[in-house]
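J.: To be precise about what I am sending: the file is called protein_14.txt and holds compact mmCIF, C-alpha atoms.
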# COMPACT_ATOMS: atom_id res chain seq x y z
CA MET A 19 188.33 46.08 126.02
CA LEU A 20 191.25 48.30 127.01
CA LYS A 21 190.25 51.33 128.97
CA LYS A 22 191.24 54.64 127.38
CA SER A 23 192.93 57.28 129.48
CA HIS A 24 191.29 60.68 129.84
CA ASP A 25 193.88 62.28 127.55
CA VAL A 26 193.29 59.75 124.78
CA LYS A 27 189.53 60.23 125.06
CA LEU A 28 189.96 63.97 124.76
CA ARG A 29 192.25 63.65 121.73
CA GLN A 30 189.81 61.28 120.07
CA LYS A 31 186.88 63.65 120.67
CA LYS A 32 188.90 66.43 119.05
CA LEU A 33 189.81 64.12 116.18
CA PHE A 34 186.14 63.24 115.69
CA ALA A 35 185.14 66.92 115.59
CA GLY A 36 187.97 67.66 113.16
CA LEU A 37 187.12 64.75 110.87
CA PHE A 38 183.45 65.75 110.94
CA LEU A 39 184.33 69.24 109.72
CA VAL A 40 186.72 67.82 107.10
CA SER A 41 183.94 65.51 105.91
CA ILE A 42 181.54 68.44 105.55
CA PHE A 43 184.18 70.43 103.69
CA PHE A 44 185.03 67.70 101.21
CA SER A 45 181.41 66.61 100.77
CA PHE A 46 180.62 70.11 99.55
CA ILE A 47 183.63 70.23 97.22
CA ASN A 48 183.90 67.30 94.91
CA LEU A 49 187.65 67.01 94.38
CA PHE A 50 187.09 64.61 91.51
CA SER A 51 184.98 67.14 89.61
CA PHE A 52 188.27 68.93 88.78
CA LEU A 53 189.18 65.79 86.82
CA ASP A 54 185.70 65.61 85.24
CA ILE A 55 184.89 62.36 87.05
CA ASN A 56 181.50 61.84 88.65
CA ILE A 57 182.69 60.12 91.82
CA TYR A 58 181.49 61.18 95.24
CA PRO A 59 183.52 59.57 98.02
CA GLU A 60 181.50 59.01 101.18
CA TYR A 61 183.53 60.81 103.84
CA PHE A 62 180.75 60.57 106.41
CA LEU A 63 180.38 56.82 105.89
CA ALA A 64 184.11 56.40 106.41
CA LEU A 65 183.91 58.48 109.57
CA MET A 66 180.93 56.56 110.92
CA VAL A 67 182.52 53.18 110.22
CA LEU A 68 185.61 54.31 112.13
CA THR A 69 183.53 55.79 114.96
CA ILE A 70 181.37 52.72 115.38
CA SER A 71 184.08 50.11 115.02
CA SER A 72 186.83 51.88 116.98
CA ASN A 73 184.72 53.70 119.58
CA LEU A 74 186.21 57.01 118.52
CA ILE A 75 183.61 58.66 120.75
CA SER A 76 181.19 56.87 123.06
CA ILE A 77 178.38 55.91 120.75
CA SER A 78 174.79 54.85 121.30
CA ILE A 79 171.95 54.10 118.95
CA THR A 80 170.35 57.49 119.69
CA LYS A 81 173.59 59.29 118.81
CA VAL A 82 173.89 57.27 115.59
CA PHE A 83 170.34 58.24 114.70
CA LEU A 84 170.92 61.94 115.42
CA MET A 85 174.16 61.99 113.45
CA GLY A 86 172.34 60.37 110.55
CA VAL A 87 169.68 63.10 110.63
CA ILE A 88 172.36 65.83 110.74
CA VAL A 89 174.20 64.33 107.75
CA ASP A 90 170.89 63.97 105.90
CA ILE A 91 170.19 67.68 106.41
CA LEU A 92 173.68 68.56 105.23
CA ILE A 93 174.13 66.36 102.18
CA GLY A 94 171.35 63.78 101.96
CA SER A 95 169.30 63.24 98.83
CA ILE A 96 166.32 62.46 101.02
CA LEU A 97 165.65 62.66 104.74
CA GLY A 98 166.48 59.28 106.32
CA GLN A 99 169.04 58.18 103.71
CA TYR A 100 172.15 58.39 105.88
CA THR A 101 170.15 57.72 109.06
CA MET A 102 169.17 54.33 107.67
CA ALA A 103 172.71 53.59 106.46
CA PHE A 104 174.31 54.55 109.80
CA LEU A 105 171.77 52.54 111.81
CA LEU A 106 172.37 49.44 109.69
CA LEU A 107 176.14 49.88 110.00
CA TYR A 108 175.71 50.10 113.76
CA GLY A 109 173.55 46.95 113.69
CA LEU A 110 176.16 45.15 111.57
CA GLN A 111 178.90 46.12 114.00
CA VAL A 112 176.97 44.82 117.02
CA PHE A 113 176.05 41.65 115.14
CA SER A 114 179.67 41.05 114.09
CA LEU A 115 180.84 41.49 117.70
CA LYS A 116 178.77 38.40 118.45
CA TYR A 117 181.25 36.40 116.35
CA PHE A 118 184.45 38.45 116.73
CA LEU A 119 184.79 39.49 120.33
CA MET A 120 188.48 40.30 119.83
CA PRO A 121 188.95 40.53 116.07
CA THR A 122 192.49 40.25 114.73
CA ARG A 123 193.77 43.14 112.60
CA PRO A 124 192.91 41.46 109.24
CA GLN A 125 189.46 40.56 110.57
CA ALA A 126 188.89 44.14 111.74
CA ILE A 127 189.97 45.50 108.34
CA LEU A 128 187.69 43.03 106.54
CA LEU A 129 184.77 44.04 108.77
CA LYS A 130 185.41 47.70 108.03
CA PHE A 131 185.60 46.97 104.31
CA LEU A 132 182.29 45.08 104.45
CA SER A 133 180.72 47.95 106.40
CA ILE A 134 181.89 50.44 103.76
CA CYS A 135 180.48 48.20 101.00
CA LEU A 136 177.12 47.90 102.76
CA GLY A 137 176.94 51.63 103.47
CA ILE A 138 177.82 52.68 99.93
CA ILE A 139 175.45 50.21 98.32
CA LEU A 140 172.62 51.44 100.57
CA VAL A 141 173.31 55.14 100.03
CA THR A 142 173.75 54.66 96.27
CA ILE A 143 170.54 52.68 95.90
CA ILE A 144 168.57 55.34 97.77
CA SER A 145 170.34 58.13 95.85
CA GLN A 146 169.62 56.61 92.47
CA ASN A 147 165.91 56.99 93.13
CA PHE A 148 166.14 60.66 93.98
CA ASN A 149 169.38 62.11 92.62
CA PRO A 150 170.85 59.79 89.99
CA THR A 151 174.51 60.61 89.55
CA PHE A 152 175.56 58.50 86.64
CA HIS A 153 174.45 58.30 83.07
CA SER A 154 171.60 55.86 82.45
CA ASN A 155 173.84 53.85 80.14
CA GLY A 156 176.71 53.91 82.65
CA ASN A 157 177.93 50.89 84.48
CA LEU A 158 176.67 50.84 88.07
CA LEU A 159 179.07 48.09 89.10
CA ASN A 160 182.15 50.05 87.96
CA TYR A 161 180.82 53.10 89.75
CA LEU A 162 180.30 51.18 92.98
CA ILE A 163 183.73 49.52 92.84
CA ILE A 164 185.53 52.84 92.35
CA GLU A 165 183.50 54.54 95.05
CA ILE A 166 184.07 51.72 97.54
CA ALA A 167 187.81 51.74 96.81
CA ILE A 168 188.12 55.51 97.30
CA THR A 169 185.97 55.56 100.43
CA PHE A 170 187.96 52.67 101.89
CA PHE A 171 191.16 54.59 101.17
CA ILE A 172 189.71 57.58 103.06
CA LEU A 173 188.81 55.25 105.94
CA ILE A 174 192.43 54.05 106.07
CA ILE A 175 193.61 57.66 106.32
CA PHE A 176 191.10 58.30 109.12
CA GLN A 177 192.24 55.07 110.80
CA ILE A 178 195.90 56.17 110.71
CA LEU A 179 194.92 59.48 112.31
CA TYR A 180 192.93 57.55 114.93
CA GLU A 181 195.87 55.31 115.77
CA ARG A 182 198.08 58.34 116.17
CA THR A 183 195.89 59.52 119.08
CA TYR A 184 197.37 56.60 121.06
CA ASP A 185 200.96 57.18 119.91
CA SER A 186 201.10 60.79 120.96
CA MET B 16 178.71 20.59 135.73
CA ALA B 17 176.29 22.30 133.42
CA ILE B 18 176.34 26.07 133.50
CA LYS B 19 172.98 27.73 133.69
CA VAL B 20 172.70 30.36 131.00
CA SER B 21 170.12 33.09 131.29
CA LYS B 22 167.78 33.84 128.40
CA LYS B 23 169.35 37.28 127.98
CA GLU B 24 172.82 35.80 127.41
CA LEU B 25 171.47 33.50 124.70
CA SER B 26 169.85 36.33 122.81
CA LEU B 27 171.34 37.57 119.53
CA PHE B 28 172.64 40.81 120.96
CA THR B 29 174.27 40.46 124.37
CA THR B 30 175.75 43.96 124.60
CA ASN B 31 173.84 46.97 125.91
CA PHE B 32 172.32 47.18 122.44
CA SER B 33 168.53 47.27 122.47
CA LEU B 34 166.99 45.42 119.54
CA SER B 35 163.61 47.08 120.06
CA TYR B 36 165.18 50.55 119.94
CA PHE B 37 167.10 49.52 116.83
CA ILE B 38 163.92 48.41 115.06
CA LEU B 39 162.11 51.54 116.27
CA PHE B 40 164.80 53.85 114.85
CA ILE B 41 164.89 51.92 111.56
CA LEU B 42 161.12 52.35 111.29
CA ILE B 43 161.46 56.08 112.05
CA ALA B 44 164.12 56.37 109.32
CA LEU B 45 161.82 54.60 106.85
CA LEU B 46 158.95 56.86 107.86
CA MET B 47 161.15 59.94 107.37
CA MET B 48 162.06 58.74 103.89
CA PHE B 49 158.44 58.09 103.01
CA MET B 50 157.27 61.46 104.33
CA ASP B 51 160.11 63.33 102.63
CA SER B 52 159.58 61.68 99.27
CA ARG B 53 155.88 62.54 99.51
CA TYR B 54 155.97 66.05 100.98
CA ASP B 55 159.59 67.18 100.33
CA TYR B 56 160.23 68.21 103.95
CA LEU B 57 164.01 68.25 103.50
CA LYS B 58 163.82 71.38 101.34
CA GLN B 59 161.99 73.28 104.10
CA ILE B 60 164.25 71.89 106.83
CA ARG B 61 167.33 73.01 104.89
CA LYS B 62 165.75 76.42 104.54
CA ASP B 63 165.10 76.61 108.30
CA PHE B 64 168.63 75.47 109.11
CA SER B 65 170.29 77.69 106.52
CA PHE B 66 171.61 79.94 109.33
CA ILE B 67 173.79 76.97 110.33
CA THR B 68 174.63 75.61 106.88
CA SER B 69 175.28 79.00 105.23
CA PRO B 70 178.43 79.71 107.30
CA LEU B 71 179.71 76.24 106.38
CA ILE B 72 179.13 76.92 102.69
CA THR B 73 180.72 80.37 103.04
CA LEU B 74 183.73 78.83 104.78
CA THR B 75 184.08 76.29 101.97
CA ASN B 76 183.81 79.02 99.33
CA ASP B 77 186.27 81.30 101.07
CA SER B 78 188.91 78.61 101.27
CA ILE B 79 188.51 77.82 97.56
CA ASN B 80 188.52 81.51 96.68
CA PHE B 81 191.69 81.91 98.73
CA PHE B 82 193.50 79.42 96.49
CA ALA B 83 191.87 80.82 93.35
CA ASN B 84 193.09 84.32 94.28
CA PHE B 85 196.67 83.09 94.29
CA GLN B 86 196.26 82.35 90.60
CA SER B 87 194.91 85.81 89.84
CA LEU B 88 197.76 87.42 91.81
CA SER B 89 200.27 85.68 89.63
CA LYS B 90 198.81 87.28 86.47
CA SER B 91 201.12 89.92 85.06
CA LYS B 92 200.05 93.47 84.16
CA ALA B 93 200.70 92.79 80.46
CA LEU B 94 198.35 89.82 80.53
CA LEU B 95 195.63 91.87 82.21
CA GLU B 96 195.98 94.66 79.66
CA GLU B 97 195.72 92.11 76.87
CA GLU B 98 192.59 90.69 78.48
CA ILE B 99 191.05 94.18 78.78
CA ASN B 100 191.74 94.82 75.09
CA GLN B 101 190.08 91.55 74.12
CA LEU B 102 187.08 92.38 76.30
CA ASN B 103 186.77 95.84 74.74
CA ILE B 104 186.72 94.27 71.28
CA GLN B 105 184.06 91.84 72.49
CA VAL B 106 181.97 94.68 73.96
CA ASP B 107 182.12 96.54 70.64
CA SER B 108 180.96 93.56 68.60
CA LEU B 109 178.22 92.78 71.15
CA SER B 110 176.91 96.35 71.06
CA ILE B 111 176.67 96.14 67.25
CA GLU B 112 174.83 92.81 67.57
CA ASN B 113 172.54 94.38 70.17
CA GLN B 114 171.62 97.26 67.83
CA MET B 115 170.72 94.77 65.11
CA LYS B 116 168.72 92.71 67.60
CA ASN B 117 166.79 95.76 68.81
CA TYR B 118 165.87 96.57 65.22
CA LEU B 119 164.73 92.96 64.62
CA VAL B 120 162.68 92.93 67.83
CA THR B 121 160.86 96.10 66.82
CA GLU B 122 160.30 94.74 63.32
CA ASN B 123 159.04 91.45 64.74
CA ASP B 124 156.63 93.24 67.10
CA ASN B 125 155.26 95.32 64.21
CA LEU B 126 154.77 92.24 62.02
CA ARG B 127 153.07 90.33 64.84
CA LYS B 128 150.73 93.29 65.37
CA LYS B 129 149.89 93.42 61.65
CA MET B 130 149.26 89.68 61.49
CA HIS B 131 147.19 89.76 64.73
CA LEU B 132 149.47 87.24 66.43
CA SER B 133 149.59 87.00 70.20
CA LYS B 134 152.08 89.21 71.99
CA LYS B 135 155.43 87.65 72.76
CA TYR B 136 156.27 87.64 76.43
CA SER B 137 159.58 89.11 77.46
CA PRO B 138 161.20 89.05 80.90
CA LYS B 139 159.86 91.68 83.30
CA ASN B 140 163.15 91.95 85.10
CA THR B 141 166.62 90.47 85.05
CA TYR B 142 168.94 89.83 87.99
CA PRO B 143 172.65 89.35 87.36
CA ALA B 144 174.12 86.85 89.82
CA GLU B 145 177.29 84.93 90.45
CA ILE B 146 177.70 81.21 90.93
CA ILE B 147 179.26 80.39 94.27
CA ARG B 148 180.60 77.00 95.10
CA PRO B 149 179.85 74.27 96.04
CA THR B 150 178.28 72.85 92.91
CA ILE B 151 177.37 69.59 94.58
CA ARG B 152 175.65 68.66 97.80
CA GLY B 153 176.54 65.10 98.61
CA ARG B 154 175.65 63.58 95.28
CA ALA B 155 173.19 66.09 93.91
CA GLN B 156 174.32 68.57 91.28
CA ILE B 157 173.21 71.95 92.55
CA ILE B 158 174.38 75.38 91.49
CA THR B 159 174.33 77.88 94.33
CA VAL B 160 174.07 81.55 93.36
CA ASN B 161 174.63 84.68 95.45
CA LYS B 162 171.14 86.13 95.05
CA GLY B 163 168.22 85.14 97.26
CA GLU B 164 164.75 86.10 98.43
CA LYS B 165 166.04 89.47 99.65
CA ASP B 166 166.96 90.33 96.06
CA GLY B 167 163.55 89.31 94.74
CA ILE B 168 164.45 85.82 93.52
CA ARG B 169 161.57 83.37 93.49
CA GLN B 170 161.33 79.63 93.02
CA GLY B 171 160.88 78.60 89.38
CA MET B 172 162.67 81.53 87.73
CA PRO B 173 164.72 80.60 84.63
CA VAL B 174 168.48 81.05 84.75
CA VAL B 175 170.48 81.87 81.60
CA ASN B 176 173.90 83.09 80.55
CA ARG B 177 175.27 84.41 77.28
CA LEU B 178 175.67 80.88 75.87
CA GLY B 179 172.17 79.66 76.67
CA LEU B 180 169.96 78.10 79.29
CA VAL B 181 171.60 77.24 82.63
CA GLY B 182 168.66 75.88 84.64
CA GLN B 183 165.85 76.89 86.93
CA ILE B 184 165.70 78.23 90.49
CA TYR B 185 164.81 75.26 92.68
CA SER B 186 165.06 76.65 96.18
CA THR B 187 165.53 80.13 97.61
CA TYR B 188 167.11 81.27 100.86
CA ASP B 189 167.60 84.77 102.27
CA GLN B 190 170.83 85.55 100.46
CA THR B 191 171.40 82.57 98.17
CA SER B 192 169.41 80.39 95.81
CA GLU B 193 169.85 76.91 94.40
CA VAL B 194 169.56 76.24 90.69
CA VAL B 195 168.71 72.89 89.15
CA PRO B 196 171.19 72.66 86.27
CA LEU B 197 170.34 71.38 82.80
CA LEU B 198 171.96 68.02 83.40
CA SER B 199 170.06 67.26 86.59
CA LYS B 200 167.55 64.42 86.34
CA LYS B 201 165.00 66.83 87.83
CA PHE B 202 165.26 69.06 84.79
CA ALA B 203 162.84 69.14 81.85
CA VAL B 204 162.09 71.85 79.30
CA ASN B 205 159.83 72.25 76.29
CA ALA B 206 162.07 72.80 73.25
CA LEU B 207 161.85 73.78 69.61
CA GLN B 208 164.17 72.67 66.82
CA ASN B 209 166.07 75.55 65.20
CA ASN B 210 164.03 75.18 61.98
CA GLY B 211 161.09 76.37 64.11
CA GLN B 212 158.93 73.34 63.31
CA ASN B 213 159.40 70.46 65.73
CA HIS B 214 158.63 70.53 69.44
CA ALA B 215 160.01 68.10 72.00
CA ILE B 216 160.52 67.80 75.74
CA ILE B 217 164.18 67.65 76.71
CA TYR B 218 165.28 65.98 79.95
CA GLY B 219 168.54 66.21 81.88
CA ASP B 220 170.49 62.97 82.04
CA THR B 221 173.74 63.60 83.97
CA GLU B 222 176.11 63.71 81.01
CA PHE B 223 173.82 64.70 78.15
CA LEU B 224 170.40 66.13 77.57
CA VAL B 225 168.04 63.59 76.12
CA ILE B 226 164.87 63.44 74.05
CA PRO B 227 163.80 59.86 74.75
CA PHE B 228 161.17 59.52 72.03
CA PHE B 229 161.50 61.71 68.97
CA PRO B 230 159.46 60.65 65.91
CA ALA B 231 161.73 58.78 63.47
CA SER B 232 159.83 60.31 60.55
CA ILE B 233 161.22 63.78 61.38
CA ASP B 234 164.70 64.54 60.10
CA VAL B 235 167.22 65.43 62.74
CA SER B 236 170.90 65.89 61.92
CA LEU B 237 173.93 66.03 64.13
CA GLY B 238 174.60 69.64 65.04
CA ASP B 239 170.93 70.73 64.96
CA VAL B 240 170.22 73.18 67.73
CA PHE B 241 167.24 73.04 70.09
CA MET B 242 166.02 76.15 71.88
CA THR B 243 163.29 76.93 74.37
CA SER B 244 159.85 77.05 72.78
CA GLY B 245 158.21 79.31 75.37
CA LEU B 246 155.15 77.05 75.38
CA ASP B 247 155.66 76.05 79.00
CA LYS B 248 155.43 79.72 80.06
CA VAL B 249 158.43 79.08 82.31
CA TYR B 250 161.28 79.88 79.93
CA PRO B 251 161.23 82.69 77.36
CA ARG B 252 161.26 81.54 73.75
CA GLY B 253 164.52 81.23 71.81
CA ILE B 254 167.11 80.48 74.50
CA ASN B 255 169.75 78.06 73.31
CA ILE B 256 169.52 74.68 75.08
CA GLY B 257 171.95 72.44 73.24
CA LYS B 258 172.90 70.76 70.00
CA VAL B 259 172.34 67.23 68.77
CA VAL B 260 175.34 64.92 69.18
CA ASP B 261 173.76 61.50 68.74
CA VAL B 262 170.64 60.06 67.15
CA SER B 263 169.95 56.39 67.83
CA PRO B 264 166.84 54.40 66.90
CA GLU B 265 164.76 53.50 69.97
CA ASP B 266 162.32 51.40 67.95
CA LYS B 267 160.71 51.60 64.48
CA GLN B 268 158.73 54.71 65.34
CA PHE B 269 161.04 56.71 67.58
CA ASN B 270 164.63 57.86 67.86
CA LYS B 271 166.50 58.68 71.02
CA ILE B 272 168.35 61.98 70.70
CA LEU B 273 171.28 63.06 72.84
CA LEU B 274 172.17 66.74 73.05
CA LYS B 275 175.25 68.47 74.32
CA PRO B 276 174.15 71.37 76.54
CA ALA B 277 175.09 74.86 75.42
CA THR B 278 176.32 75.65 78.94
CA PHE B 279 178.18 73.72 81.63
CA SER B 280 178.11 75.15 85.14
CA SER B 281 181.84 74.54 85.56
CA GLN B 282 182.70 76.81 82.62
CA PHE B 283 181.35 80.16 83.81
CA SER B 284 180.56 82.08 86.96
CA LEU B 285 178.16 84.84 85.91
CA ILE B 286 174.51 84.16 85.18
CA THR B 287 171.28 86.09 84.73
CA ILE B 288 168.05 85.20 86.48
CA LEU B 289 164.92 86.17 84.55
CA ASP B 290 161.65 87.27 86.09
CA TYR B 291 159.41 85.91 83.38
Output the structure of this file as C-alpha cells.
T.:
Amino acid sequence: MLKKSHDVKLRQKKLFAGLFLVSIFFSFINLFSFLDINIYPEYFLALMVLTISSNLISISITKVFLMGVIVDILIGSILGQYTMAFLLLYGLQVFSLKYFLMPTRPQAILLKFLSICLGIILVTIISQNFNPTFHSNGNLLNYLIIEIAITFFILIIFQILYERTYDS
Amino acid sequence: MAIKVSKKELSLFTTNFSLSYFILFILIALLMMFMDSRYDYLKQIRKDFSFITSPLITLTNDSINFFANFQSLSKSKALLEEEINQLNIQVDSLSIENQMKNYLVTENDNLRKKMHLSKKYSPKNTYPAEIIRPTIRGRAQIITVNKGEKDGIRQGMPVVNRLGLVGQIYSTYDQTSEVVPLLSKKFAVNALQNNGQNHAIIYGDTEFLVIPFFPASIDVSLGDVFMTSGLDKVYPRGINIGKVVDVSPEDKQFNKILLKPATFSSQFSLITILDY
C-alpha cells in the first residue's frame, strides 16, 4: 500500500470530519420529502464504505464499533442497528482483501457497490421491524433498488472528494 | 523447495484484524439490539445526549430557516396586506363559530346533567407550539416541537391543530418534544364514525390510516369521517382524524378501510398540545 504523506492524511481527516457533519445534516433533512418521496439515502453508510475501503482515516474494529454507536444514537431506529451494519461492512472488506490484495478500479467499484447493497439491506431489514417506512402494500424491492442507487451515487460524490485530497 | 507456512498465514484473516474481537463486537451489537427492543434504552440515551444533539438540530433548522426567510423577504407589501385582510376575515368567521360552539357546549352540559350522563372531560390546559424541523430522524417520521419539559409538556399528551389530530407526544426533552405523527406505525387511536355509532381502532400506516378489520355488515361510505371517541382517555372526544378513501373486503366478515388523515405534518407549522 502506498504511504500517505502527512499533508494528505491531514486533508483526509478534515474531509472525514466534514463528510460526517454533512451526513448528519442531510440525515436530519430528507431532501426527497420535498418531492413527496419516501426515500432515505444512507449518507453514513456511504461514508463508512468509503472510510473502510479507502482508509480515509486509520480505522480499527473498535473505532468502527464506536462510530456505529454514535450513528445509532443520532439516527438509528434501534441501538445496534448501524453498529451491526458497520461491523459487517468492515468484516466484508477484510474478507475481500483476502482475494483482492490490489483490486483494479472496476473491482474496487464493484466491492463498494456490494458493500452498499449489504449495508442497505441490513439497515432496511432492521428498520422495517421498528420503524417501517413504506406502505405495507408497497414494493420492497423497488424501494431497495432506488435507495441503493441513490446511496451509491452519494458514495461516488464522496469518492470524488476523497480523490481530490491527493490532487491538491 | 517447499516453503513452510505458519498457521497464522493460512488463517482466513491475515491482516491485523482479530476475528475474536470481531465476533465479540457483533455479539455486543446483537445484545444492544435485544436490550433496546426490550427496554427502549435508546430513548433515554437520546435524552441524556440531547445537549449534544440539540445544537445539531438547531444548526439544521437555522440553515433551513435561513433559506425560508429569503422567500418571505421577497414578499411584497401588497401581498402581505392582502394576507392580513384574508386573516382578519377568517378571524371574524371563527369568532362567530366560537360563539355558536360555546352556546352548544353549555346546552350539551345542561342536557347531560338533566339526563344524568357522565361529565365530558375537557382539556385542563392547552400549550401552543411550533413544529421545528427535522421531521425525520434517519428513517423514522418524528415531528419535533419547540416546547419541552420546562413548559410543562409530558409524555403521552395529545397534539392537535385546527384541522384535526396531529399525533401524540412520544418523548420530551428540556426545550423540545417529539411527536409521533398519525401516519407512524407506532400510532393507534380509538375512533368513532361521524354518525356517532361505530367504534374502531385506527392505526398509522405510512401513507394512510388504516382500520384493518371493520365489520362488513356496517355501512361505510367513501368520505365518511372518523373522529376520536374519547374512550381511550388519551384524546378528547370529537377531534377529526381522517376521512374514508378506500373500502376493500378483507374476507367475508371484515373490510379493510383506508383513511386520509385530516392533517399532514408538512402542511402546517403551528400546533396545540392538550393537557387532558
J.: If I take CA of Ser33 in chain B and CA of Thr80 in chain A, how far is one from the other in Å, to one decimal?
T.: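 Taking CA of Ser33 in chain B as the start and CA of Thr80 in chain A as the end point, the length is 10.7 Å.
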J.: Using all atoms listed in the file, which of A:Phe50, A:Phe43, A:Phe176, A:Phe131 sits nearest chain B?
T.: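 Nearest candidate to chain B out of A:Phe50, A:Phe43, A:Phe176, A:Phe131: A:Phe43.
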J.: Excluding Leu97 in chain A and its own-chain neighbours fewer than 2 positions away, which residues fall within 8 Å of it when counting all atoms listed in the file? Please give them as JSON, numbers by chain.
T.: {"A": [87, 90, 91, 94, 95, 99, 100, 101], "B": [44, 47, 48, 51, 56, 57]}
J.: If we count only C-alpha atoms and set the cut-off at 12 Å, which residues sit around Tyr36 in chain B, ignoring sequence neighbours fewer than 3 positions away in its own chain? Please answer as a count of residues only.
T.: 15
J.: Report, in Å to a single decimal, how far apart CA of Gly86 in chain A and CA of Pro59 in chain A are.
T.: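 Computing the Euclidean distance for CA of Pro59 in chain A and CA of Gly86 in chain A yields 16.8 Å.
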J.: In Å to one decimal, how far is CA of Asn255 in chain B from CA of Val106 in chain B?
T.: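 According to the coordinates, CA of Val106 in chain B and CA of Asn255 in chain B are separated by 20.6 Å.
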J.: Of the candidates A:Ile57, A:Leu128, A:Ile164, A:Leu74, which one gets nearest to Tyr180 in chain A if we count all atoms listed in the file?
T.: A:Leu74
J.: Identify, on the basis of all atoms listed in the file, every residue whose closest approach to Leu65 in chain A does not exceed 9 Å; exclude the query and any residue fewer than 6 positions from it along the same chain; express the result as a ChimeraX atom specification.
T.: /A:34,37-38,41,172-173,176
J.: Restricting the calculation to all atoms listed in the file: of A:Leu119, A:Leu92, A:Leu136, A:Leu159, which residue gets closest to Lys62 in chain B?
T.: A:Leu92
J.: So which residues are close to (167.1, 83.1, 103.0), meaning at most 9 Å away in the file's coordinates with only C-alpha atoms counted, and can you show them as a CSV table (one decimal) with C-alpha atoms, keeping the file's coordinate frame?
T.:
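Final output, part26.csv:
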chain,number,residue,atom,x,y,z
B,62,LYS,CA,165.8,76.4,104.5
B,63,ASP,CA,165.1,76.6,108.3
B,65,SER,CA,170.3,77.7,106.5
B,66,PHE,CA,171.6,79.9,109.3
B,163,GLY,CA,168.2,85.1,97.3
B,164,GLU,CA,164.8,86.1,98.4
B,165,LYS,CA,166.0,89.5,99.6
B,187,THR,CA,165.5,80.1,97.6
B,188,TYR,CA,167.1,81.3,100.9
B,189,ASP,CA,167.6,84.8,102.3
B,190,GLN,CA,170.8,85.6,100.5
B,191,THR,CA,171.4,82.6,98.2
B,192,SER,CA,169.4,80.4,95.8
J.: List the spatial neighbours of Thr183 in chain A as an NGL selection string - criterion: any atom at most 7 Å away, all atoms listed in the file, same-chain residues fewer than 3 positions off excluded.
T.: :A and (26 or 29-30 or 179-180 or 186)
J.: Let me see the file: selected residues, C-alpha atoms, as a short mmCIF file (atom, residue, chain, number, x, y, z; two decimals), keeping the file's coordinate frame.
T.:
data_model
loop_
_atom_site.label_atom_id
_atom_site.label_comp_id
_atom_site.auth_asym_id
_atom_site.auth_seq_id
_atom_site.Cartn_x
_atom_site.Cartn_y
_atom_site.Cartn_z
CA VAL A 26 193.29 59.75 124.78
CA ARG A 29 192.25 63.65 121.73
CA GLN A 30 189.81 61.28 120.07
CA LEU A 179 194.92 59.48 112.31
CA TYR A 180 192.93 57.55 114.93
CA SER A 186 201.10 60.79 120.96
#
J.: In terms of the shortest atom-to-atom distance over all atoms listed in the file, which of A:Ile168, A:Ile93, A:Ala103, A:Leu162 is closest to chain B?
T.: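 Going through A:Ile168, A:Ile93, A:Ala103, A:Leu162 one by one, the smallest distance to chain B is for A:Ile93.
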J.: Excluding Lys258 in chain B and residues on its chain fewer than 4 positions from it, collect all residues at most 10 Å away from it, counting only C-alpha atoms, and give them as a list in words.
T.: Gln208, Asn209, Leu224, Ser236, Leu237, Gly238, Asp239, Val240, Phe241, Met242, Ile272, Leu273, Leu274, Lys275, Pro276 and Ala277 of chain B
J.: Missing atoms in range 34-45 of chain A: fill them in up to N, CA and C atoms and send the result as a PDB file, in the coordinates of the input.
T.:
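Output saved as selection-v7.pdb:
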ATOM      1  N   PHE A  34     187.473  63.451 116.254  1.00  0.00           N
ATOM      2  CA  PHE A  34     186.140  63.240 115.690  1.00  0.00           C
ATOM      3  C   PHE A  34     185.570  64.559 115.164  1.00  0.00           C
ATOM      4  N   ALA A  35     185.671  65.611 116.011  1.00  0.00           N
ATOM      5  CA  ALA A  35     185.140  66.920 115.590  1.00  0.00           C
ATOM      6  C   ALA A  35     185.872  67.408 114.330  1.00  0.00           C
ATOM      7  N   GLY A  36     187.181  67.237 114.322  1.00  0.00           N
ATOM      8  CA  GLY A  36     187.970  67.660 113.160  1.00  0.00           C
ATOM      9  C   GLY A  36     187.584  66.893 111.908  1.00  0.00           C
ATOM     10  N   LEU A  37     187.466  65.571 112.039  1.00  0.00           N
ATOM     11  CA  LEU A  37     187.120  64.750 110.870  1.00  0.00           C
ATOM     12  C   LEU A  37     185.703  65.060 110.384  1.00  0.00           C
ATOM     13  N   PHE A  38     184.825  65.404 111.320  1.00  0.00           N
ATOM     14  CA  PHE A  38     183.450  65.750 110.940  1.00  0.00           C
ATOM     15  C   PHE A  38     183.465  67.014 110.063  1.00  0.00           C
ATOM     16  N   LEU A  39     184.238  68.004 110.499  1.00  0.00           N
ATOM     17  CA  LEU A  39     184.330  69.240 109.720  1.00  0.00           C
ATOM     18  C   LEU A  39     184.995  68.995 108.355  1.00  0.00           C
ATOM     19  N   VAL A  40     186.030  68.163 108.368  1.00  0.00           N
ATOM     20  CA  VAL A  40     186.720  67.820 107.100  1.00  0.00           C
ATOM     21  C   VAL A  40     185.736  67.120 106.158  1.00  0.00           C
ATOM     22  N   SER A  41     184.919  66.236 106.734  1.00  0.00           N
ATOM     23  CA  SER A  41     183.940  65.510 105.910  1.00  0.00           C
ATOM     24  C   SER A  41     182.930  66.466 105.291  1.00  0.00           C
ATOM     25  N   ILE A  42     182.487  67.442 106.102  1.00  0.00           N
ATOM     26  CA  ILE A  42     181.540  68.440 105.550  1.00  0.00           C
ATOM     27  C   ILE A  42     182.213  69.191 104.407  1.00  0.00           C
ATOM     28  N   PHE A  43     183.433  69.637 104.670  1.00  0.00           N
ATOM     29  CA  PHE A  43     184.180  70.430 103.690  1.00  0.00           C
ATOM     30  C   PHE A  43     184.322  69.683 102.362  1.00  0.00           C
ATOM     31  N   PHE A  44     184.781  68.441 102.449  1.00  0.00           N
ATOM     32  CA  PHE A  44     185.030  67.700 101.210  1.00  0.00           C
ATOM     33  C   PHE A  44     183.749  67.143 100.580  1.00  0.00           C
ATOM     34  N   SER A  45     182.677  67.040 101.377  1.00  0.00           N
ATOM     35  CA  SER A  45     181.410  66.610 100.770  1.00  0.00           C
ATOM     36  C   SER A  45     180.828  67.718  99.919  1.00  0.00           C
TER      37      SER A  45
END
